[in-house]
Amino acid sequence: MHAPTLARIHALGGLGQLRTPLKARQLPLADPEARVRAQAAKVAGDLRIKGSETALILRLRDENARVRFQAALALGKVGNISALGPLVSLLEDNSEHDPFLRHAATLGLSGLQRPELLAKLKQHRSVEVRIGAVVALRRLASPLLAGFLKDQHPRVRREAAIAIHDDESVPEALPALAECLDALGDTPDEPLLRRALSANLRLGTAASGRRLSAYAQRATAPEALRIEALEALASWNASPFLDRVEGRVRLLPSRAPDWGRQLLTEAIEPLWLKASPTLRLELARLVFEQQLAAPTSLFVDCVRSQDHPVALRAQALKALARAKAPELLELVQSLTESASAELRQTALEIQAERSPAKFLEYARNHWATTNVSELQWNLRLVAQRSEPEATTLLSQHVDRLTAGTLPQALILDLQEALRRHGNATLVARVTAWEHAHPEIRTRSLLAGGNPEEGRRLFQGSVQGQCGRCHNAGGEGQQAGPVLQGIGQRTTPEYLLESLLNPSARIAEGYATVSLSLKNGESVDGLLLQDTDGRLRLRLSTGELRTLPNSDIATRSANPQSVMPPMGDVLSHRELRDLVAFLSSWR
């Protein structure tokens, strides 16, 4: 009692670690010092000391929050049912003020191992208590969670759905979660609705499939979730199956394998007639990807209508191609002259497959009048054809290449097209030309790139990881210089050189130096500043450090950039797209 407080706390901790048999009366649970009371409560829980629950329950009303926290945890470990009411009161009184106390109270409740008593809390007046009961039941993986799905408060319902659906789930309660989709009406609670939709897909019963179909056709439901219901039916037999809420791999129970396709097929026409353009786009995509039988007249009217969005018309055309509709070739022929590039390219792709002679005639006749991006597209399509006319067209392009009249933006596309087509004579001609003009290898990357593809590459490429160093917090916070606006400050030639040989010109503030200090320490980092007799470095840990020159014994510059040559990481097409994006970044 008279020992220093810290020593007493350590002594209590030592008793807990030694698993020393103790009686409740031996613990200083009513000590004047709050830290000692908290440690005593912790030891009581760790040692599961029977008879300590009365004193611990008193500590739930302690003036000190840390004591209340440890007492709640300890009561869960001791596991005496007499703690139920006091723990519920702690939750109610806390009323979401202190998340640590809320956590301790729910742990305490789950430790009592009485799910039937926790389930009765669904009648409690406090929302916080009901949520606490849900969290405690989740830890117990109790199917009694289902009783909270009908709670009047959306937060309680949502927490119950998360508890049933997520992580390892509570399989016995999944049917209740699936069934509540019918009773949810048009609630805007997306987290709850997505889990209810997912539960129906995971169950895979005839009733759950019909429930998904009915929800997709519910006109008053949120459109994004109606689309999710359709996607769920399309994923009916997915293997491996990735949970559509969490993304984790799950094993699906046995099911009627064609039930999802059947329900989708039945829903297409009634949905299409009243659907928005967004929903129609999804339906057309599913018809195409799932090869569903659908009335082709729906899609024919859509393709012909100038009032529909281009993306929808293009997807409807693909669906007609998959269905081999009688009107297909007539529609395709008309759309090769469409004002929309997307519709023209979709039509030409279908025409190249279904009517190659007409496509090759189009590609020959439109060489001088088509823009670069469409010429690139046509080259890819021509390369997929084995007809003599396709070889003749490619040969003409090789003639243009060797004569120096082929646009620079098409050189890379022609090289790729020839490799794909595989004509040995043409490949040999281009290979000989490449050896005679080695400088063209890099010049062909300066024109013809797709800025949008380059943007996606910059932001999300796993191989390149450009954004990780160049778009990670701004100047002074990232490993590479800020590139936004680089298109106004440099030329495409400079950008390409920086990608292919990053060490050729290292941006100011991103050169690395190695220092040996007079005290024997070695320091490596990015040199940010060298003024007034001091060096300012950013170390690999992100720490900023300033060193006076008088502390430095030796200094050496590292001529190598920390960025690898991107020609070893990215394809030529990716490099070209990246240059196009960076050049356009204002």
# chains A, B, ... in the order shown; residues from 1 in each chain; ligands from 1

call {"tool": "residues_around", "arguments": {"residues": "A:Ala363", "least_positions_apart": "2", "cutoff": "9 Å", "atoms": "only C-alpha atoms", "output": "list of chain:residue names"}}
result
A:Lys358, A:Phe359, A:Leu360, A:Glu361, A:Asn365, A:His366, A:Trp367, A:Leu375, A:Asn378, A:Leu379, A:Val382, A:Leu393

call {"tool": "residues_around", "arguments": {"residues": "A:Leu298", "least_positions_apart": "6", "cutoff": "12 Å", "atoms": "only C-alpha atoms", "output": "JSON list (two decimals) with N, CA and C atoms, in the first residue's frame"}}
result
[["chain", "number", "residue", "atom", "x", "y", "z"],
["A", 268, "ILE", "N", -35.45, -10.20, -69.25],
["A", 268, "ILE", "CA", -34.92, -9.21, -70.20],
["A", 268, "ILE", "C", -36.03, -8.37, -70.83],
["A", 269, "GLU", "N", -37.02, -9.00, -71.45],
["A", 269, "GLU", "CA", -38.03, -8.23, -72.18],
["A", 269, "GLU", "C", -38.86, -7.33, -71.27],
["A", 270, "PRO", "N", -39.42, -7.86, -70.15],
["A", 270, "PRO", "CA", -40.19, -6.94, -69.29],
["A", 270, "PRO", "C", -39.34, -5.82, -68.70],
["A", 271, "LEU", "N", -38.09, -6.09, -68.45],
["A", 271, "LEU", "CA", -37.22, -5.03, -67.93],
["A", 271, "LEU", "C", -36.90, -4.00, -69.00],
["A", 272, "TRP", "N", -36.57, -4.49, -70.19],
["A", 272, "TRP", "CA", -36.13, -3.60, -71.26],
["A", 272, "TRP", "C", -37.18, -2.54, -71.59],
["A", 273, "LEU", "N", -38.42, -2.94, -71.60],
["A", 273, "LEU", "CA", -39.49, -2.05, -72.06],
["A", 273, "LEU", "C", -39.63, -0.81, -71.18],
["A", 274, "LYS", "N", -39.25, -0.93, -69.89],
["A", 274, "LYS", "CA", -39.41, 0.20, -68.98],
["A", 274, "LYS", "C", -38.08, 0.71, -68.42],
["A", 275, "ALA", "N", -36.97, 0.18, -68.93],
["A", 275, "ALA", "CA", -35.66, 0.47, -68.33],
["A", 275, "ALA", "C", -35.10, 1.81, -68.80],
["A", 280, "ARG", "N", -30.63, -0.52, -69.55],
["A", 280, "ARG", "CA", -30.62, -1.20, -70.84],
["A", 280, "ARG", "C", -29.20, -1.57, -71.27],
["A", 283, "LEU", "N", -28.37, -4.68, -69.50],
["A", 283, "LEU", "CA", -29.08, -5.82, -70.08],
["A", 283, "LEU", "C", -28.43, -6.26, -71.39],
["A", 284, "ALA", "N", -28.09, -5.30, -72.23],
["A", 284, "ALA", "CA", -27.47, -5.65, -73.51],
["A", 284, "ALA", "C", -26.11, -6.31, -73.28],
["A", 287, "VAL", "N", -26.75, -9.91, -72.16],
["A", 287, "VAL", "CA", -27.18, -10.74, -73.29],
["A", 287, "VAL", "C", -25.95, -11.15, -74.11],
["A", 304, "ARG", "N", -31.00, 1.35, -84.13],
["A", 304, "ARG", "CA", -31.45, 2.28, -85.16],
["A", 304, "ARG", "C", -31.81, 3.65, -84.59],
["A", 305, "SER", "N", -32.17, 3.70, -83.32],
["A", 305, "SER", "CA", -32.65, 4.95, -82.74],
["A", 305, "SER", "C", -31.50, 5.92, -82.47],
["A", 313, "ARG", "N", -26.15, 1.82, -77.92],
["A", 313, "ARG", "CA", -26.35, 1.33, -79.28],
["A", 313, "ARG", "C", -25.22, 0.37, -79.67],
["A", 316, "ALA", "N", -25.78, -2.91, -77.86],
["A", 316, "ALA", "CA", -26.91, -3.61, -78.46],
["A", 316, "ALA", "C", -26.49, -4.26, -79.78],
["A", 317, "LEU", "N", -25.63, -3.58, -80.53],
["A", 317, "LEU", "CA", -25.13, -4.15, -81.78],
["A", 317, "LEU", "C", -24.30, -5.40, -81.51],
["A", 319, "ALA", "N", -24.73, -7.39, -79.00],
["A", 319, "ALA", "CA", -25.70, -8.44, -78.62],
["A", 319, "ALA", "C", -26.34, -9.05, -79.86],
["A", 320, "LEU", "N", -26.65, -8.23, -80.85],
["A", 320, "LEU", "CA", -27.23, -8.74, -82.10],
["A", 320, "LEU", "C", -26.23, -9.63, -82.84],
["A", 325, "ALA", "N", -28.45, -12.09, -85.51],
["A", 325, "ALA", "CA", -29.74, -11.56, -85.95],
["A", 325, "ALA", "C", -29.74, -11.36, -87.47]]

call {"tool": "atom_distance", "arguments": {"atom1": "atom CA of A:Pro492", "atom2": "atom CA of A:Val462"}}
result
23.5 Å

call {"tool": "select_by_dssp", "arguments": {"residues": "stretch 157-273 of chain A", "states": "strand (DSSP E)", "output": "NGL selection string"}}
result
:A and (241-242 or 249-250)

call {"tool": "atom_distance", "arguments": {"atom1": "atom CA of A:Arg211", "atom2": "atom CA of A:Ala234"}}
result
14.1 Å

call {"tool": "residues_around", "arguments": {"residues": "stretch 110-126 of chain A", "least_positions_apart": "4", "cutoff": "12 Å", "atoms": "only C-alpha atoms", "output": "PyMOL selection string"}}
result
chain A and resi 45+48+53+72-85+87-96+103-106+130-153+156-157+160

call {"tool": "select_by_dssp", "arguments": {"residues": "stretch 526-586 of chain A", "states": "helix (DSSP H, G or I)", "output": "PyMOL selection string"}}
result
chain A and resi 549-551+566-568+572-584

call {"tool": "closest_residue", "arguments": {"among": "A:Arg573, A:Pro326, A:Leu233, A:Thr296", "to": "A:Gln376", "atoms": "only C-alpha atoms"}}
result
A:Arg573

call {"tool": "residues_around", "arguments": {"residues": "A:Ser254", "least_positions_apart": "3", "cutoff": "12 Å", "atoms": "only C-alpha atoms", "output": "PDB file with C-alpha atoms, in the first residue's frame"}}
result
ATOM      1  CA  LEU A 201     -26.864 -15.394 -54.428  1.00  0.00           C
ATOM      2  CA  ARG A 202     -24.847 -17.363 -51.886  1.00  0.00           C
ATOM      3  CA  LEU A 203     -27.832 -19.494 -50.885  1.00  0.00           C
ATOM      4  CA  GLY A 204     -28.540 -20.387 -54.507  1.00  0.00           C
ATOM      5  CA  THR A 205     -32.042 -21.741 -53.935  1.00  0.00           C
ATOM      6  CA  ALA A 206     -34.895 -21.440 -56.422  1.00  0.00           C
ATOM      7  CA  TRP A 236     -24.921 -17.738 -60.273  1.00  0.00           C
ATOM      8  CA  ASN A 237     -22.339 -20.396 -61.137  1.00  0.00           C
ATOM      9  CA  LEU A 251     -17.570 -21.974 -51.692  1.00  0.00           C
ATOM     10  CA  PRO A 257     -26.840 -24.651 -62.580  1.00  0.00           C
ATOM     11  CA  ASP A 258     -29.043 -22.991 -65.222  1.00  0.00           C
ATOM     12  CA  TRP A 259     -31.413 -21.212 -62.849  1.00  0.00           C
TER      13      TRP A 259
END

call {"tool": "atom_distance", "arguments": {"atom1": "atom CA of A:Asn200", "atom2": "atom CA of A:Ala229"}}
result
9.4 Å

call {"tool": "residues_around", "arguments": {"residues": "A:Leu547", "least_positions_apart": "5", "cutoff": "7 Å", "atoms": "only C-alpha atoms", "output": "short mmCIF file (atom, residue, chain, number, x, y, z; two decimals) with N, CA, C and O atoms, in the first residue's frame"}}
result
data_model
loop_
_atom_site.label_atom_id
_atom_site.label_comp_id
_atom_site.auth_asym_id
_atom_site.auth_seq_id
_atom_site.Cartn_x
_atom_site.Cartn_y
_atom_site.Cartn_z
N ARG A 534 24.95 23.83 -45.37
CA ARG A 534 24.16 22.71 -44.83
C ARG A 534 23.53 21.90 -45.97
O ARG A 534 23.17 22.45 -47.01
N LEU A 535 23.40 20.62 -45.71
CA LEU A 535 22.70 19.73 -46.63
C LEU A 535 21.38 19.31 -46.00
O LEU A 535 21.34 18.97 -44.81
N ARG A 536 20.34 19.34 -46.80
CA ARG A 536 19.04 18.87 -46.33
C ARG A 536 18.67 17.64 -47.14
O ARG A 536 18.59 17.69 -48.37
#

call {"tool": "closest_residue", "arguments": {"among": "A:Gly247, A:Gly209, A:Gly485, A:Gly567", "to": "A:Pro502", "atoms": "only C-alpha atoms"}}
result
A:Gly567

call {"tool": "residues_around", "arguments": {"residues": "stretch 26-29 of chain A", "least_positions_apart": "6", "cutoff": "7 Å", "atoms": "only C-alpha atoms", "output": "count of residues only"}}
result
4

call {"tool": "closest_residue", "arguments": {"among": "A:Phe299, A:Ala403, A:Ala293, A:Ile486", "to": "A:Leu264", "atoms": "only C-alpha atoms"}}
result
A:Ala293
